[in-house]
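Note sheet for the following structure.
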Number of protein chains: 2
Amino acid sequence: MRKPATIRDVAREAGVSVAVVSRVLNEGSGPVAPHTRSKVVDAIERLGYRPRAAARELQQRSFTTIGLMLTDLANPFFARLADRVAWEARARGVQVVLLTTQEDAHLEAESVDALIGRSAGAVIATPTGGNLDKWTRLIELGVHVVFVDREIDELPEADVVAIGNERSAETATQHLLELGHRRIAFISGPLSTSTGRDRVIGFRRAMTRAGVDVDDRLICAVPFRGDSGSDAVGALLDLPAPPTGLIVGNTAQVRSALHRIKQSSIAVPDDLSLIVFDDNPWTDLVSPSLSVIRQPIDMLALHSVELATGRMKGALTERPRHIRVNAEFIQRSSCAPPPAAPA
Amino acid sequence: MRKPATIRDVAREAGVSVAVVSRVLNEGSGPVAPHTRSKVVDAIERLGYRPRAAARELQQRSFTTIGLMLTDLANPFFARLADRVAWEARARGVQVVLLTTQEDAHLEAESVDALIGRSAGAVIATPTGGNLDKWTRLIELGVHVVFVDREIDELPEADVVAIGNERSAETATQHLLELGHRRIAFISGPLSTSTGRDRVIGFRRAMTRAGVDVDDRLICAVPFRGDSGSDAVGALLDLPAPPTGLIVGNTAQVRSALHRIKQSSIAVPDDLSLIVFDDNPWTDLVSPSLSVIRQPIDMLALHSVELATGRMKGALTERPRHIRVNAEFIQRSSCAPPPAAPA
DNA sequence: GAGGTGCGTGGAAACGGTTACAGTTTTGTA
DNA sequence: TACAAAACTGTAACCGTTTCCACGCACCTC
């Protein structure tokens with residue numbers, strides 16, 4: 001196993017200069033006579049030469065890589081998002097470096113550092129909510145940041161692609177209200193995330209507009225990780241007056257919450273009407289099939305990648321954009337009028 | 001937007017030479033006085049300096065990037081695999097470049113090309129089965145290839161990490177046989193993949209050993225994409241003598257198959273006993289909860305990354321390894337004796 | 001006090017590409 | 001035939017690290 005050939009070896013073998021070889025390598029970066037080119041190609045073939053990517057990257061600050069920083073690929077929502085992002089990125093010829101933060105601010109900080117070292121041109125991320133300094137630094141270094149799904153208000157320099165969270169929560173709540181529910185519970189993500197906050201706002205707004213008092217015990221902001229969904233459901237069902245409707249606005253906790261409901265003697269939708277955020281492959285396989293708020297994942301991915309690559313290539317220079325795409329309410333079988341509807 | 005700081009900037013800021021900064025960066029590569037070290041650390045902090053990966057790679061011939069080439073992240077199995085791979089990779093300080101092939105040989109070829117000449121030292125992949133030439137070329141170029149989940153017999157140079165597919169299928173079949181089933185159907189992936197072939201082999205072996213004739217109409221090898229699972233179920237149920245037991249060995253088609261079963265009037269497990277490959281987050285949420293073959297995803301990820309990074313760093317130089325990890329049969333509620341068990 | 005033996009440090013040469021610029025040929029045109 | 005323009009090729013300077021080697025210095029040992 002001998003040392004790999006370098007561009008200089010090729011040049012010597014072909015009897016030309018390194019510049020010529022480089023031009024042959026990078027088609028169109030300069031003129032090369034046909035005969036010379038074939039000599040070079042031969043030499044490359046003979047030596048089995050392959051240009052070294054590191055050397056290339058070092059030299060040219062070509063931003064051909066974007067970072068994709070998601071919290072957790074085990075969550076089907078993010079998994080499908082990653083799938084679509086990878087797809088869109090490929091179509092644009094850019095590479096995707098994948099990083100997961102597991103909802104951990106410390107890991108997130110590490111990831112940002114890693115991206116700086118890899119000289120990524122842009123980052124698509126679902127931020128945990130912290131690390132303001134890290135993000136700021138990243139942006140200062142000229143790395144374009146696109147927040148997807150969530151956002152950070154304190155970072156107006158970043159683009160944002162998300163669904164209308166307030167509106168979606170409002171729609172779901174509205175649906176339950178119209179069925180006659182009055183005691184409606186809401187399980188959201190942490191209020192440190194924009195999704196958590198906005199969805200709760202939407203929920204409250206719908207309730208208030210309907211003239212229904214919001215019982216704060218019916219709003220549970222729980223972490224994304226762990227079994228908090230199950231705990232929240234347990235606590236809600238144990239209340240003296242348990243809710244007749246439940247909206248789970250924390251995608252990552254839907255499974256856990258459902259588990260608890262399945263274990264209990266509560267019947268859906270007879271005893272409890274249910275709407276969950278995000279349409280998973282299995283939401284129509286369980287019994288009863290779940291009414292959901294469906295986030296348009298391909299749109300989120302499309303816009304994110306579009307923004308990221310656009311900014312990277314300098315095509316987009318205007319001020320940061322906030323792109324809202326509409327989530328869709330899909331009615332299935334998990335909602336019904338409350339058991340003892342008021343007269 | 002200022003330029004990223006270089007090691008020279010740090011050296012100047014700290015009032016030392018670049019050599020010292022480098023030694024601080026690479027702990028243990030040379031002596032540094034404690035006081036000097038802290039000056040350097042301060043400077044790094046102040047400047048927000050991050051060493052540039054490309055420059056590092058150029059100098060020392062180590063790679064810090066591995067390619068992760070999966071077919072489809074919308075499949076929860078691969079999504080969770082990606083999650084674990086990202087995790088294991090991070091623990092080893094290597095970056096992951098994500099590529100998806102959508103089970104398309106052409107896209108796979110493109111992906112391999114993209115990886116060639118990029119700075120990936122190793123690739124973890126679930127191959128579609130074709131592109132022998134591409135893979136061979138990649139390996140020749142010194143990129144270490146680890147096939148995970150599936151393998152390609154014609155490429156003995158690649159490492160393989162997979163479950164015992166024959167054995168797992170055998171176990172599942174065995175379970176149904178013991179319950180008294182004789183007409184057992186098997187839906188597998190394409191026979192062009194090792195998983196498809198091996199699982200069918202295991203299925204046949206168990207049947208043969210039990211002295212049960214295998215009805216070829218009960219074996220459906222269907223594509224991973226599309227709605228082929230549903231079609232296969234439809235065909236099976238339409239048979240004059242439909243099966244009383246069904247094993248879905250095509251993870252990607254489980255959802256589609258279940259859908260069709262749910263639509264039909266067939267009751268699980270009363271009319272049809274069901275075992276599916278791979279334990280998803282929702283297999284115990286549906287009714288009845290599904291008996292599954294659980295693939296130990298974290299083990300698959302661990303070994304893959306271990307092999308990939310080990311080879312990359314030159315720690316592993318022995319001949320290619322085939323690592324088999326055991327899948328586990330998890331019994332839930334989707335199996336019962338056949339409706340008219342033979343006396 | 002001469003001669004090791006370490007430690008701590010800095011200078012400068014790699015590593016393998018790209019590319020600006022200058023130099024040499026070939027071609028086109030008056 | 002002369003001379004400018006175009007086409008091609010070569011030299012050398014980067015890019016940001018790591019690392020080899022030399023050097024100064026304090027300390028220890030005969």
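Labeling convention for the structure tokens: chains A, B, ... as they appear, residues from 1 per chain, ligands from 1 in order of appearance.
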Legend entry - Superposition RMSD [C-alpha atoms, order-paired], chain A onto chain B: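 With all C-alpha atoms paired in order, the RMSD is 2.3 Å.
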Legend entry - Selection: 9 Å around A:Leu258, only C-alpha atoms (C1' of nucleotides), excl. self and same-chain fewer than 4 positions, as a VMD selection string: (chain A and resid 229 to 230 233 253 to 254 262 to 263) or (chain B and resid 285)
Proximity check stretch 74-190 of chain A to stretch 200-220 of chain A, 7 Å, nearest pairs one decimal Å, only C-alpha atoms, as a Markdown table:
| residue | atom | partner | partner_atom | distance |
| --- | --- | --- | --- | --- |
| A:Glu166 | CA | A:Gly202 | CA | 4.0 |
| A:Arg167 | CA | A:Gly202 | CA | 5.9 |
| A:Ala169 | CA | A:Gly202 | CA | 5.1 |
| A:Glu170 | CA | A:Gly202 | CA | 4.6 |
| A:Thr173 | CA | A:Phe203 | CA | 6.0 |
| A:Gln174 | CA | A:Ala206 | CA | 6.0 |
| A:Arg182 | CA | A:Val212 | CA | 6.7 |
| A:Ile184 | CA | A:Leu218 | CA | 7.0 |
| A:Ala185 | CA | A:Leu218 | CA | 4.5 |
| A:Phe186 | CA | A:Ile219 | CA | 4.9 |
| A:Ile187 | CA | A:Cys220 | CA | 4.7 |
| A:Ser188 | CA | A:Cys220 | CA | 6.1 |
Inset, instruction - In Å, rounded to a single decimal, give me how far atom CA of A:Pro288 is from atom CA of A:Gly180. - result: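 If I compute the distance from atom CA of A:Gly180 to atom CA of A:Pro288, I get 19.7 Å.
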Inset, instruction - For chain B, list the residues within 9 Å of chain C, counting only C-alpha atoms (C1' of nucleotides), and write the list as a ChimeraX atom specification. - result: /B:16-20,31-33,55,57-61
Hey, can you spit out that residue selection with C-alpha atoms as a PDB file, in the first residue's frame?
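As a result, part35.pdb now contains:
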ATOM      1  CA  VAL B  16       2.554  32.840  22.058  1.00  0.00           C
ATOM      2  CA  SER B  17       3.481  30.853  18.970  1.00  0.00           C
ATOM      3  CA  VAL B  18       1.116  28.807  16.877  1.00  0.00           C
ATOM      4  CA  ALA B  19       2.887  25.658  17.935  1.00  0.00           C
ATOM      5  CA  VAL B  20       1.844  26.240  21.507  1.00  0.00           C
ATOM      6  CA  PRO B  31       4.292  20.160  26.980  1.00  0.00           C
ATOM      7  CA  VAL B  32       2.598  23.446  27.785  1.00  0.00           C
ATOM      8  CA  ALA B  33       3.090  25.417  30.993  1.00  0.00           C
ATOM      9  CA  ALA B  55      -6.939  22.008   7.536  1.00  0.00           C
ATOM     10  CA  GLU B  57      -7.512  16.590   7.880  1.00  0.00           C
ATOM     11  CA  LEU B  58      -5.114  17.829   5.283  1.00  0.00           C
ATOM     12  CA  GLN B  59      -2.243  17.755   7.677  1.00  0.00           C
ATOM     13  CA  GLN B  60      -2.824  14.548   9.552  1.00  0.00           C
ATOM     14  CA  ARG B  61      -4.332  11.937   7.336  1.00  0.00           C
TER      15      ARG B  61
END
Legend entry - Selection: 12 Å around A:Asp153, only C-alpha atoms (C1' of nucleotides), excl. self and same-chain fewer than 2 positions, as a PyMOL selection string: chain A and resi 127+129-130+132+147+150-151+155-160+192-195+197-198+322
Inset, instruction - Determine the nearest neighbour of chain B from the options A:Ser264, A:Ser273, A:Asn131, A:Gln102, counting only C-alpha atoms. - result: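 For chain B, the nearest of the candidates is A:Gln102.
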